[in-house]
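Below you'll find the structure, written out as structure tokens, and then a few comments.
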Amino acid sequence: AVAGVIQNDPPTGLAQTGQIGGFKVVQSDVHQVIYGADMDGLCCAVITGTQYQSRVAIQMLSELYKDFSSKHGAAAKTAAENALSKKAKPVLSECCKKYEDPSKVDKTSKVLGQVDAVKGQMQGNIANMLKNTEKAESLAEKSDQLNEQASVFKKRSTDLKKQMQWKNLKMTLLLGGVVVVILIAVLWPVIKNAKKAAGSGRF
């Protein structure tokens with residue numbers, strides 16, 4: 001697949017002899033292929049994720065080209081396909097391991113990583129602040145509701161107290177009236193008889 005990409009769009013503007021250049025980047029939805037070549041046709045390519053900085057990948061290819069050329073450059077010119085895969089594996093593995101984390105080999109990537117970390121932390125802080133604000137607003141709303149309910153309860157309690165006082169007053173007046181009527185009903189015959197007896201005593 002990588003060979004097909006390179007054949008369809010080979011490196012151009014190659015650097016001087018002994019140097020890799022003509023770098024190109026071909027992207028898909030999830031991957032990207034970065035590659036370049038030297039004047040002798042030795043091509044180096046790497047497949048990375050789309051988020052990997054192509055600038056760092058080109059730096060990696062340049063370093064890989066130097067290491068590979070110094071150890072296997074002469075043999076690569078006459079070697080058959082895949083003939084150097086086993087011999088070149090340590091060089092490739094070491095380079096891939098070194099550039100696995102771009103922030104360790106590239107100051108810009110390191111700074112960008114730190115910026116992203118700070119940005120993420122700030123976003124988290126803002127999110128927490130918004131949550132706390134929502135909680136505070138919810139508590140304030142509930143507090144207002146409780147205050148309103150307390151006011152309504154106090155008003156109803158006051159009205160109920162007045163109603164009970166009025167009922168007690170009416171009951172007291174009613175009982176007082178009943179007692180007066182009973183006293184009149186009991187005492188009136190006694191008084192009347194006493195008057196009659198007093199009148200009979202005079203004659």
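Labeling convention for the structure tokens: chains A, B, ... as they appear, residues from 1 per chain, ligands from 1 in order of appearance.
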- request: May I have the residues within 12 Å of region 43-60 of chain A as a ChimeraX atom specification, using only C-alpha atoms and disregarding those fewer than 6 positions away in the same chain?
  value: /A:1-3,5-7,10-12,14,19-37,66-69,73,76-77,91-92,94-110,112-113
query: Could you pull out the strand (DSSP E) residues of chain A from DSSP and send them as a ChimeraX atom specification?
result: /A:21-27,31-37,43-49
